[in-house]
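Heads up, final_1.txt below (compact mmCIF, C-alpha atoms and all ligand atoms):
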# COMPACT_ATOMS: atom_id res chain seq x y z
CA MET A 190 -27.53 -44.35 18.39
CA HIS A 191 -26.60 -43.07 14.98
CA HIS A 192 -25.31 -39.57 14.49
CA ALA A 193 -27.94 -38.82 11.84
CA ILE A 194 -30.73 -39.18 14.40
CA ILE A 195 -29.24 -36.34 16.45
CA LEU A 196 -28.84 -33.77 13.70
CA GLY A 197 -31.47 -31.08 14.15
CA MET A 198 -32.90 -32.61 17.31
CA LYS A 199 -33.55 -30.64 20.45
CA ILE A 200 -32.90 -31.75 24.01
CA ARG A 201 -36.63 -32.17 24.76
CA GLU A 202 -36.99 -34.47 21.73
CA ILE A 203 -34.28 -36.95 22.70
CA ASN A 204 -34.54 -39.68 25.29
CA GLU A 205 -32.38 -38.70 28.27
CA PHE A 206 -30.76 -42.13 28.40
CA GLU A 207 -29.85 -42.01 24.73
CA LEU A 208 -28.09 -38.70 25.28
CA ILE A 209 -26.29 -40.02 28.35
CA ASP A 210 -25.16 -43.09 26.37
CA LYS A 211 -23.87 -40.86 23.62
CA LEU A 212 -21.92 -38.65 26.06
CA ASN A 213 -20.56 -41.67 27.93
CA GLU A 214 -19.38 -43.18 24.67
CA MET A 215 -17.49 -39.97 23.92
CA CYS A 216 -15.91 -39.94 27.39
CA ARG A 217 -14.68 -43.50 27.00
CA GLU A 218 -13.28 -42.76 23.58
CA TYR A 219 -11.22 -39.86 24.96
CA SER A 220 -10.24 -41.30 28.32
CA GLY A 221 -6.92 -42.76 29.36
CA ILE A 222 -6.22 -46.00 31.16
CA GLY A 223 -6.13 -44.66 34.71
CA THR A 224 -9.76 -45.29 35.55
CA VAL A 225 -11.00 -48.66 36.75
CA LEU A 226 -14.68 -48.11 36.06
CA ALA A 227 -15.70 -44.80 34.55
CA VAL A 228 -19.01 -43.54 33.21
CA GLY A 229 -22.03 -45.81 33.19
CA ASP A 230 -22.57 -47.05 36.74
CA ASP A 231 -23.86 -45.41 39.92
CA CYS A 232 -20.36 -44.23 40.77
CA ALA A 233 -16.99 -44.13 39.08
CA VAL A 234 -14.46 -46.51 40.65
CA LEU A 235 -10.95 -45.14 40.88
CA LYS A 236 -7.60 -46.55 41.87
CA SER A 237 -5.63 -44.30 44.20
CA THR A 238 -2.23 -43.44 42.79
CA SER A 239 -0.87 -40.92 45.28
CA ASP A 240 -0.99 -40.04 48.98
CA TYR A 241 -2.76 -36.73 48.50
CA SER A 242 -5.44 -35.49 46.15
CA VAL A 243 -6.48 -31.97 45.21
CA MET A 244 -10.07 -31.19 44.27
CA THR A 245 -11.74 -28.12 42.83
CA THR A 246 -15.07 -27.18 41.29
CA ASP A 247 -16.43 -24.34 39.17
CA THR A 248 -19.80 -23.48 37.64
CA LEU A 249 -20.55 -21.44 34.52
CA VAL A 250 -24.07 -20.04 34.26
CA GLU A 251 -25.71 -18.77 31.08
CA ASN A 252 -26.10 -14.96 31.07
CA VAL A 253 -23.79 -14.72 34.07
CA HIS A 254 -20.58 -16.25 32.70
CA TYR A 255 -21.45 -16.69 29.03
CA ILE A 256 -24.07 -15.56 26.55
CA LEU A 257 -25.73 -17.79 23.97
CA PRO A 258 -25.32 -18.33 21.11
CA CYS A 259 -21.62 -19.06 21.41
CA ASP A 260 -19.10 -21.65 20.22
CA ARG A 261 -20.02 -24.65 22.39
CA TYR A 262 -16.81 -26.50 21.67
CA LEU A 263 -14.72 -23.57 23.00
CA LEU A 264 -17.15 -23.10 25.89
CA GLY A 265 -16.60 -26.73 26.88
CA ARG A 266 -12.83 -26.36 26.66
CA LYS A 267 -12.88 -23.24 28.84
CA ALA A 268 -15.26 -24.77 31.39
CA LEU A 269 -12.75 -27.54 32.07
CA ALA A 270 -9.67 -25.31 31.55
CA VAL A 271 -10.54 -23.07 34.50
CA ASN A 272 -10.65 -26.12 36.78
CA LEU A 273 -7.42 -27.55 35.33
CA SER A 274 -5.83 -24.16 35.97
CA ASP A 275 -6.74 -24.40 39.66
CA VAL A 276 -5.15 -27.86 39.83
CA ALA A 277 -2.07 -26.43 38.06
CA ALA A 278 -1.88 -23.61 40.61
CA MET A 279 -1.52 -26.25 43.36
CA GLY A 280 1.13 -28.15 41.39
CA GLY A 281 -1.26 -31.08 41.01
CA ILE A 282 -1.56 -33.64 38.24
CA PRO A 283 -5.14 -33.58 36.88
CA ARG A 284 -6.78 -37.00 36.92
CA HIS A 285 -10.56 -37.05 36.87
CA ALA A 286 -13.51 -34.79 36.15
CA LEU A 287 -17.25 -34.93 36.84
CA VAL A 288 -19.50 -32.82 34.63
CA SER A 289 -23.00 -31.66 35.55
CA LEU A 290 -25.11 -29.90 32.95
CA GLY A 291 -28.38 -28.01 33.34
CA LEU A 292 -30.03 -27.87 29.92
CA LYS A 293 -33.02 -26.11 28.44
CA GLY A 294 -35.45 -28.18 26.35
CA ASP A 295 -34.95 -26.14 23.18
CA THR A 296 -31.17 -26.68 23.11
CA GLU A 297 -29.86 -28.45 20.01
CA VAL A 298 -28.50 -31.90 20.90
CA GLU A 299 -25.64 -31.32 18.49
CA ASP A 300 -24.59 -28.24 20.51
CA ILE A 301 -24.31 -30.35 23.66
CA LEU A 302 -22.24 -32.94 21.82
CA SER A 303 -19.94 -30.09 20.69
CA LEU A 304 -19.71 -28.84 24.27
CA TYR A 305 -18.74 -32.31 25.45
CA ARG A 306 -16.25 -32.71 22.62
CA GLY A 307 -14.59 -29.52 23.89
CA ILE A 308 -14.53 -30.80 27.46
CA CYS A 309 -13.14 -34.20 26.41
CA SER A 310 -10.49 -32.72 24.09
CA ILE A 311 -8.86 -30.45 26.67
CA GLY A 312 -9.24 -33.24 29.23
CA ARG A 313 -7.25 -35.57 27.05
CA GLU A 314 -4.57 -32.93 26.38
CA ASN A 315 -4.04 -32.72 30.14
CA GLY A 316 -4.43 -36.37 31.16
CA CYS A 317 -7.82 -35.75 32.80
CA ASP A 318 -10.53 -38.38 32.24
CA ILE A 319 -14.21 -37.43 32.27
CA ILE A 320 -15.58 -40.13 34.56
CA GLY A 321 -19.21 -39.19 34.98
CA GLY A 322 -21.66 -36.48 35.84
CA ASN A 323 -25.27 -35.53 35.75
CA LEU A 324 -27.85 -34.10 33.34
CA THR A 325 -30.82 -32.09 34.47
CA GLY A 326 -33.45 -29.88 32.92
CA SER A 327 -33.07 -26.22 33.83
CA ALA A 328 -34.64 -22.87 32.92
CA THR A 329 -31.12 -21.42 32.68
CA GLU A 330 -28.28 -23.41 31.20
CA PHE A 331 -25.29 -24.15 33.44
CA ILE A 332 -22.11 -26.21 33.33
CA SER A 333 -20.62 -27.39 36.60
CA ILE A 334 -17.33 -29.28 36.61
CA THR A 335 -15.40 -30.87 39.47
CA VAL A 336 -11.79 -31.96 38.93
CA SER A 337 -9.51 -34.05 41.10
CA GLY A 338 -5.76 -34.36 40.79
CA ASP A 339 -2.82 -36.16 42.34
CA CYS A 340 -0.43 -34.34 44.57
CA SER A 341 3.02 -35.71 45.29
CA GLY A 342 3.20 -34.81 48.99
CA ARG A 343 3.77 -31.10 48.53
CA SER A 344 1.32 -28.68 46.96
CA LEU A 345 1.76 -25.04 46.00
CA ARG A 346 -0.07 -22.83 48.49
CA ARG A 347 -0.88 -19.16 48.56
CA ASN A 348 0.38 -18.64 52.08
CA GLU A 349 4.06 -19.56 51.84
CA ALA A 350 5.56 -16.55 50.05
CA GLN A 351 8.75 -15.36 51.74
CA GLU A 352 10.45 -11.99 51.87
CA GLY A 353 12.94 -11.65 49.02
CA ASP A 354 11.15 -14.10 46.69
CA LEU A 355 10.90 -13.05 43.08
CA VAL A 356 7.32 -12.55 41.90
CA CYS A 357 7.00 -14.18 38.48
CA VAL A 358 4.24 -14.85 35.98
CA THR A 359 3.92 -17.29 33.07
CA GLY A 360 2.86 -16.19 29.57
CA HIS A 361 1.16 -12.83 29.05
CA VAL A 362 -1.28 -10.80 31.13
CA GLY A 363 -4.22 -8.70 30.01
CA ALA A 364 -4.63 -10.56 26.73
CA ALA A 365 -7.90 -12.25 27.76
CA ALA A 366 -9.56 -8.97 28.75
CA ALA A 367 -8.33 -7.23 25.58
CA GLY A 368 -9.61 -10.15 23.46
CA MET A 369 -12.97 -10.18 25.24
CA ASN A 370 -13.50 -6.46 24.73
CA MET A 371 -12.60 -6.65 21.04
CA LEU A 372 -14.90 -9.65 20.53
CA PHE A 373 -17.82 -7.93 22.25
CA ALA A 374 -17.20 -4.78 20.19
CA GLY A 375 -17.47 -6.89 17.04
CA GLU A 376 -13.92 -6.06 15.92
CA ASP A 377 -11.47 -8.27 14.06
CA VAL A 378 -9.52 -9.85 16.90
CA PRO A 379 -5.91 -11.05 16.57
CA ALA A 380 -5.86 -14.81 17.26
CA VAL A 381 -3.54 -14.51 20.27
CA LEU A 382 -6.08 -12.26 21.98
CA SER A 383 -9.25 -14.20 21.10
CA ASN A 384 -7.55 -17.46 22.10
CA ALA A 385 -6.43 -15.97 25.41
CA PHE A 386 -10.08 -15.25 26.22
CA GLN A 387 -11.88 -18.20 24.61
CA ASP A 388 -9.34 -21.01 24.82
CA PRO A 389 -6.89 -20.38 27.69
CA VAL A 390 -4.11 -22.91 28.22
CA PRO A 391 -3.97 -24.21 31.82
CA ARG A 392 -0.34 -24.18 33.02
CA VAL A 393 -0.39 -27.77 34.22
CA ARG A 394 3.16 -28.75 33.27
CA GLU A 395 4.56 -25.52 34.69
CA GLY A 396 2.74 -26.03 38.00
CA GLN A 397 4.25 -29.49 38.43
CA GLU A 398 7.72 -28.18 37.64
CA LEU A 399 7.29 -25.36 40.16
CA VAL A 400 6.68 -27.88 42.96
CA LYS A 401 9.93 -29.65 42.18
CA ALA A 402 11.88 -26.38 41.73
CA GLY A 403 11.14 -25.19 45.28
CA CYS A 404 8.56 -22.54 44.46
CA HIS A 405 7.13 -21.02 47.66
CA ALA A 406 3.65 -19.81 46.66
CA ALA A 407 1.45 -19.83 43.56
CA ILE A 408 -2.00 -18.85 42.34
CA ASP A 409 -3.65 -18.77 38.93
CA ILE A 410 -4.94 -15.50 37.52
CA SER A 411 -8.72 -15.55 37.50
CA ASP A 412 -9.58 -12.23 39.20
CA GLY A 413 -6.65 -10.25 37.76
CA LEU A 414 -2.93 -9.89 38.41
CA PHE A 415 -3.31 -7.19 41.07
CA ASP A 416 -6.01 -8.95 43.10
CA ASP A 417 -4.55 -12.44 42.73
CA LEU A 418 -1.06 -11.33 43.82
CA GLY A 419 -2.92 -9.55 46.64
CA HIS A 420 -4.38 -12.94 47.66
CA ILE A 421 -0.84 -14.36 47.97
CA CYS A 422 0.24 -11.31 50.00
CA SER A 423 -2.65 -11.46 52.46
CA ALA A 424 -2.46 -15.25 52.88
CA SER A 425 1.31 -15.05 53.41
CA ARG A 426 1.14 -11.86 55.54
CA LYS A 427 3.66 -10.22 53.22
CA GLY A 428 3.74 -7.38 50.70
CA ALA A 429 4.86 -7.19 47.09
CA ASP A 430 6.49 -4.55 44.92
CA MET A 431 5.26 -4.86 41.35
CA TYR A 432 7.20 -3.21 38.51
CA LEU A 433 4.68 -2.00 35.96
CA ASP A 434 7.20 -1.74 33.10
CA ARG A 435 7.96 -5.47 33.43
CA LEU A 436 4.44 -6.79 32.91
CA PRO A 437 4.36 -9.13 29.90
CA LEU A 438 1.73 -7.48 27.68
CA ARG A 439 0.79 -8.68 24.22
CA ASP A 440 1.94 -6.24 21.50
CA GLU A 441 -1.48 -6.72 19.86
CA ALA A 442 -3.21 -5.49 23.03
CA VAL A 443 -0.92 -2.46 23.32
CA GLN A 444 -1.45 -1.60 19.66
CA ARG A 445 -5.22 -1.65 20.09
CA TYR A 446 -5.62 -0.20 23.57
CA GLY A 447 -2.43 1.76 24.35
CA GLU A 448 -2.05 2.42 28.07
CA LYS A 449 -5.37 0.74 28.80
CA ALA A 450 -3.66 -2.58 27.98
CA LEU A 451 -1.85 -2.13 31.29
CA HIS A 452 -5.17 -1.68 33.06
CA TYR A 453 -6.39 -4.94 31.52
CA ALA A 454 -3.17 -6.65 32.64
CA LEU A 455 -3.67 -5.55 36.26
CA TYR A 456 -7.42 -5.84 36.65
CA GLY A 457 -8.85 -7.67 33.63
CA GLY A 458 -8.60 -11.23 34.94
CA GLU A 459 -9.25 -14.60 33.30
CA ASP A 460 -5.69 -14.93 32.00
CA TYR A 461 -5.25 -18.32 33.75
CA GLU A 462 -1.51 -17.77 33.91
CA LEU A 463 0.35 -18.70 37.10
CA ILE A 464 1.73 -16.08 39.48
CA PHE A 465 4.46 -17.66 41.61
CA THR A 466 6.98 -16.54 44.20
CA ILE A 467 10.35 -18.27 44.26
CA PRO A 468 13.92 -17.66 45.46
CA GLU A 469 16.07 -16.23 42.66
CA ASN A 470 18.40 -19.25 42.56
CA ASP A 471 15.51 -21.70 42.17
CA ALA A 472 13.95 -19.57 39.42
CA LYS A 473 17.11 -20.04 37.35
CA LYS A 474 16.42 -23.79 37.18
CA LEU A 475 13.04 -23.44 35.49
CA SER A 476 12.82 -24.77 31.94
CA PHE A 477 9.85 -22.65 30.80
CA ASP A 478 9.53 -18.94 29.96
CA TYR A 479 8.33 -16.56 32.65
CA SER A 480 8.59 -12.88 33.51
CA VAL A 481 9.92 -11.46 36.77
CA ILE A 482 7.43 -8.74 37.69
CA GLY A 483 8.26 -7.96 41.29
CA LYS A 484 9.54 -8.96 44.69
CA ILE A 485 7.98 -10.10 47.97
CA THR A 486 8.58 -7.66 50.85
CA ASP A 487 7.84 -7.59 54.57
CA SER A 488 5.39 -4.72 54.07
CA HIS A 489 1.80 -5.10 55.25
CA GLU A 490 0.36 -2.88 52.57
CA GLY A 491 -0.31 -5.59 50.00
CA VAL A 492 0.70 -4.98 46.40
CA ILE A 493 2.58 -1.73 45.68
CA LEU A 494 2.81 -0.58 42.07
CA LEU A 495 6.11 0.98 41.00
CA ASP A 496 6.82 2.92 37.81
CA LYS A 497 9.94 2.41 35.70
CA ASP A 498 11.96 4.71 37.99
CA GLY A 499 10.96 2.67 41.04
CA LYS A 500 8.57 5.38 42.25
CA GLU A 501 5.36 4.29 43.92
CA ILE A 502 2.15 4.95 42.02
CA LYS A 503 -0.06 6.08 44.86
CA ASP A 504 -3.41 6.50 43.23
CA GLN A 505 -4.45 2.96 42.48
CA THR A 506 -8.05 4.01 42.11
CA GLY A 507 -6.86 6.15 39.20
CA TRP A 508 -5.59 3.00 37.55
CA ARG A 509 -8.79 1.20 38.26
CA HIS A 510 -10.90 3.93 36.73
CA PHE A 511 -9.09 5.15 33.69
CA GLY A 512 -10.49 2.18 31.76
MG MG B 601 -7.63 -20.23 41.27
Please lay out the structure from this file as structure tokens.
Amino acid sequence: MHHAIILGMKIREINEFELIDKLNEMCREYSGIGTVLAVGDDCAVLKSTSDYSVMTTDTLVENVHYILPCDRYLLGRKALAVNLSDVAAMGGIPRHALVSLGLKGDTEVEDILSLYRGICSIGRENGCDIIGGNLTGSATEFISITVSGDCSGRSLRRNEAQEGDLVCVTGHVGAAAAGMNMLFAGEDVPAVLSNAFQDPVPRVREGQELVKAGCHAAIDISDGLFDDLGHICSASRKGADMYLDRLPLRDEAVQRYGEKALHYALYGGEDYELIFTIPENDAKKLSFDYSVIGKITDSHEGVILLDKDGKEIKDQTGWRHFG
């Protein structure tokens, strides 16, 4: 099918099979060599390349997770990025993705091609082939993606943090929430903040290095630093001291929001950075930048926030509410 036919067409005006052909063509164009038989048959046929696989799935629903109109290319990138981030948090190597779309009849075909271009582009950047999926009509648009990855024997779990481990985080925290709030307020947003929200980078390479370095536990930040570190603590039956003055905030977020930038860092979520716990000596071997933000303890009180003098900040609800 020629591109010109698609311009200005809506989903209800195009033959379903033509659209599927077009999307399959794009997937093949972007895909690597690891797949035996990808899109276009009843199933994808895959060659196993490791003893263990990891699998994860995530769904984005219109008006729940995103609001139209929006940049479909970036939406596609983020829809796959959140799954790649989960694979990264296990130390896996992303391999394959299945994409299911629920589409309304009045959607522009070109918008769906943009969405797919976004999905395929971040897939290629991370070695993840799009090997198939499903299209269906729907009153509400949704994007559901399932990703599988290879795992070299050991994976990074949430439940293996040990007392004395450093608590570390990649990149910056709170930038996504700051960027989202500025975007929704219609403000001029510094690129580092809008990108953090709209185009997060899954920490795939870092996750694989953490497995080899002897990292004990890891999780990616979707709910927020405080809650996600809390998940490690409860799964590992440990506690954590977190030093608030060590959180890696973006200067741009602090300039715009002052102390509230710290609130976004703790509770904002969607940063898709990795929180990991690791013995100090193993942390020294890591080749990428990270921040040490705390320590695992034998406490059973979950995450304890400490100020710059090491004093406990008791009123966590105060932190939660001052935003
Ligand atoms: Mg996760």
*Close residues, Lys267 (chain A) itself excluded, 7 Å, only C-alpha atoms, min 4 positions apart in chain, as a PyMOL selection string*: chain A and resi 263+271+387-389
*Go through the chains and note each residue within 6 Å of ligand MG 601 (chain B), using only C-alpha atoms and all ligand atoms, then give the set as a ChimeraX atom specification.*
/A:275,408-409
Keeping only C-alpha atoms, take the residues you just selected and write them out as a PDB file, in the frame of the given file.
ATOM      1  CA  ASP A 275      -6.740 -24.400  39.660  1.00  0.00           C
ATOM      2  CA  ILE A 408      -2.000 -18.850  42.340  1.00  0.00           C
ATOM      3  CA  ASP A 409      -3.650 -18.770  38.930  1.00  0.00           C
TER       4      ASP A 409
END
_CA of Tyr461 (chain A) to CA of Ser476 (chain A), straight-line distance in Å_ = 19.3 Å
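Considering the residues A:Ile195, A:Ala472, A:Ala278, A:Val288 and counting all atoms listed in the file, Ile410 (chain A) has its shortest atom-to-atom contact with A:Ala278.
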*asked:* Please determine, counting only C-alpha atoms, which residue among A:Lys199, A:Arg261, A:Arg284, A:His489 has the shortest atom-to-atom distance to Arg313 (chain A).
replied: A:Arg284
*Find the residues near Asn272 (chain A): any atom within 8 Å, counting only C-alpha atoms, skip ones fewer than 4 places away on the same chain, and give them as number ranges by chain.*
A: 245-247, 268, 276, 334-336
Given the point (-1.2, -9.2, 23.5) in the coordinates of this file, which residues lie within 9 Å, counting all atoms listed in the file, and how would they look as a compact mmCIF listing (two decimals) with C-alpha atoms, keeping the file's coordinate frame?
# COMPACT_ATOMS: atom_id res chain seq x y z
CA HIS A 361 1.16 -12.83 29.05
CA VAL A 362 -1.28 -10.80 31.13
CA GLY A 363 -4.22 -8.70 30.01
CA ALA A 364 -4.63 -10.56 26.73
CA ALA A 365 -7.90 -12.25 27.76
CA ALA A 367 -8.33 -7.23 25.58
CA GLY A 368 -9.61 -10.15 23.46
CA PRO A 379 -5.91 -11.05 16.57
CA VAL A 381 -3.54 -14.51 20.27
CA LEU A 382 -6.08 -12.26 21.98
CA ALA A 385 -6.43 -15.97 25.41
CA PRO A 437 4.36 -9.13 29.90
CA LEU A 438 1.73 -7.48 27.68
CA ARG A 439 0.79 -8.68 24.22
CA ASP A 440 1.94 -6.24 21.50
CA GLU A 441 -1.48 -6.72 19.86
CA ALA A 442 -3.21 -5.49 23.03
CA VAL A 443 -0.92 -2.46 23.32
CA GLN A 444 -1.45 -1.60 19.66
CA ALA A 450 -3.66 -2.58 27.98
Could you pull the residues within 10 Å of Val481 (chain A), counting only C-alpha atoms, minus those fewer than 6 positions along the same chain, as an mmCIF file with C-alpha atoms, in the frame of the given file?
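That gives us selection-v2.cif:
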data_model
loop_
_atom_site.group_PDB
_atom_site.id
_atom_site.type_symbol
_atom_site.label_atom_id
_atom_site.label_comp_id
_atom_site.auth_asym_id
_atom_site.auth_seq_id
_atom_site.Cartn_x
_atom_site.Cartn_y
_atom_site.Cartn_z
ATOM 1 C CA LEU A 355 10.900 -13.050 43.080
ATOM 2 C CA VAL A 356 7.320 -12.550 41.900
ATOM 3 C CA CYS A 357 7.000 -14.180 38.480
ATOM 4 C CA VAL A 358 4.240 -14.850 35.980
ATOM 5 C CA THR A 359 3.920 -17.290 33.070
ATOM 6 C CA MET A 431 5.260 -4.860 41.350
ATOM 7 C CA TYR A 432 7.200 -3.210 38.510
ATOM 8 C CA ARG A 435 7.960 -5.470 33.430
ATOM 9 C CA LEU A 436 4.440 -6.790 32.910
ATOM 10 C CA PRO A 437 4.360 -9.130 29.900
ATOM 11 C CA ILE A 464 1.730 -16.080 39.480
ATOM 12 C CA PHE A 465 4.460 -17.660 41.610
ATOM 13 C CA THR A 466 6.980 -16.540 44.200
ATOM 14 C CA GLU A 469 16.070 -16.230 42.660
ATOM 15 C CA ALA A 472 13.950 -19.570 39.420
#
*Pick from A:Val400, A:Ala424, A:Ile332, A:Leu418 nearest to Asn348 (chain A), counting all atoms listed in the file*: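 That would be A:Ala424, the residue with the smallest distance to Asn348 (chain A).
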*From the list A:Pro258, A:Gly291, A:Gly312, A:Gly265, which residue is nearest Ile200 (chain A) when using only C-alpha atoms?*
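Looking only at the distances to Ile200 (chain A), the closest residue turns out to be A:Gly291.
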*Any idea what the distance is between CA of Tyr305 (chain A) and CA of Leu257 (chain A)?*
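Those two atoms sit 16.2 Å apart.
Of note, CA of Glu314 (chain A) and CA of Tyr241 (chain A) are spaced 22.5 Å apart.
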_Restricting the calculation to only C-alpha atoms: of A:Thr329, A:Gln397, A:Ser310, A:Ser425, which residue gets closest to Arg346 (chain A)?_
A:Ser425
_Nearest to Gly499 (chain A) by atom-to-atom distance, counting all atoms listed in the file, from A:Leu372, A:Met244, A:Leu433, A:Met198_ =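 Closest to Gly499 (chain A), using all atoms listed in the file: A:Leu433.
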With all atoms of region 367-374 of chain A from the file as input, state the centre and edge lengths in Å to one decimal of the axis-aligned box that has 8 Å extra on each side, as lines of an AutoDock Vina configuration file.
center_x = -13.1
center_y = -7.5
center_z = 22.9
size_x = 25.5
size_y = 21.4
size_z = 21.4
*asked:* I'd like the neighbourhood of Ser488 (chain A) as a PyMOL selection string, where a residue qualifies if any of its atoms comes within 6 Å (using all atoms listed in the file), though same-chain residues fewer than 2 positions away should be ignored.
replied: chain A and resi 427-428+486+490
Output the selection as a PDB file, in the coordinates of the input - C-alpha atoms for each residue.
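Saved file result-v7.pdb follows:
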ATOM      1  CA  LYS A 427       3.660 -10.220  53.220  1.00  0.00           C
ATOM      2  CA  GLY A 428       3.740  -7.380  50.700  1.00  0.00           C
ATOM      3  CA  THR A 486       8.580  -7.660  50.850  1.00  0.00           C
ATOM      4  CA  GLU A 490       0.360  -2.880  52.570  1.00  0.00           C
TER       5      GLU A 490
END
For region 461-468 of chain A of the structure just presented, write all heavy atoms to a file, as a compact mmCIF listing (two decimals), in the first residue's frame.
# COMPACT_ATOMS: atom_id res chain seq x y z
N TYR A 461 11.25 5.72 36.03
CA TYR A 461 11.84 4.56 35.34
C TYR A 461 13.35 4.49 35.49
O TYR A 461 14.05 4.01 34.61
CB TYR A 461 11.36 4.47 33.88
CG TYR A 461 9.86 4.31 33.87
CD1 TYR A 461 9.02 5.36 33.55
CD2 TYR A 461 9.29 3.12 34.31
CE1 TYR A 461 7.65 5.24 33.65
CE2 TYR A 461 7.91 2.99 34.41
CZ TYR A 461 7.11 4.05 34.08
OH TYR A 461 5.75 3.92 34.18
N GLU A 462 13.84 4.99 36.63
CA GLU A 462 15.22 4.75 37.02
C GLU A 462 15.25 3.44 37.81
O GLU A 462 14.19 2.94 38.23
CB GLU A 462 15.75 5.91 37.88
CG GLU A 462 15.77 7.26 37.18
CD GLU A 462 16.76 7.32 36.02
OE1 GLU A 462 17.61 6.41 35.91
OE2 GLU A 462 16.69 8.27 35.22
N LEU A 463 16.44 2.90 38.03
CA LEU A 463 16.56 1.68 38.84
C LEU A 463 17.00 2.04 40.25
O LEU A 463 17.95 2.80 40.44
CB LEU A 463 17.58 0.72 38.23
CG LEU A 463 17.27 0.14 36.85
CD1 LEU A 463 18.37 -0.83 36.43
CD2 LEU A 463 15.91 -0.55 36.83
N ILE A 464 16.28 1.51 41.24
CA ILE A 464 16.76 1.51 42.63
C ILE A 464 17.43 0.15 42.82
O ILE A 464 16.84 -0.87 42.47
CB ILE A 464 15.61 1.61 43.64
CG1 ILE A 464 14.70 2.80 43.33
CG2 ILE A 464 16.15 1.70 45.07
CD1 ILE A 464 13.41 2.78 44.16
N PHE A 465 18.65 0.14 43.37
CA PHE A 465 19.29 -1.16 43.61
C PHE A 465 20.03 -1.15 44.93
O PHE A 465 20.46 -0.10 45.42
CB PHE A 465 20.21 -1.55 42.45
CG PHE A 465 21.28 -0.55 42.09
CD1 PHE A 465 22.56 -0.68 42.59
CD2 PHE A 465 21.00 0.50 41.24
CE1 PHE A 465 23.56 0.24 42.25
CE2 PHE A 465 21.98 1.43 40.89
CZ PHE A 465 23.26 1.30 41.40
N THR A 466 20.15 -2.33 45.53
CA THR A 466 20.88 -2.47 46.78
C THR A 466 22.07 -3.38 46.52
O THR A 466 21.94 -4.43 45.86
CB THR A 466 20.01 -3.04 47.92
OG1 THR A 466 19.98 -4.47 47.85
CG2 THR A 466 18.58 -2.48 47.86
N ILE A 467 23.23 -2.98 47.01
CA ILE A 467 24.48 -3.63 46.60
C ILE A 467 25.54 -3.41 47.69
O ILE A 467 25.56 -2.34 48.31
CB ILE A 467 24.92 -3.05 45.22
CG1 ILE A 467 26.11 -3.79 44.62
CG2 ILE A 467 25.23 -1.54 45.34
CD1 ILE A 467 26.38 -3.40 43.16
N PRO A 468 26.38 -4.42 47.94
CA PRO A 468 27.48 -4.20 48.89
C PRO A 468 28.41 -3.08 48.37
O PRO A 468 28.61 -2.96 47.16
CB PRO A 468 28.21 -5.55 48.91
CG PRO A 468 27.21 -6.55 48.43
CD PRO A 468 26.35 -5.80 47.45
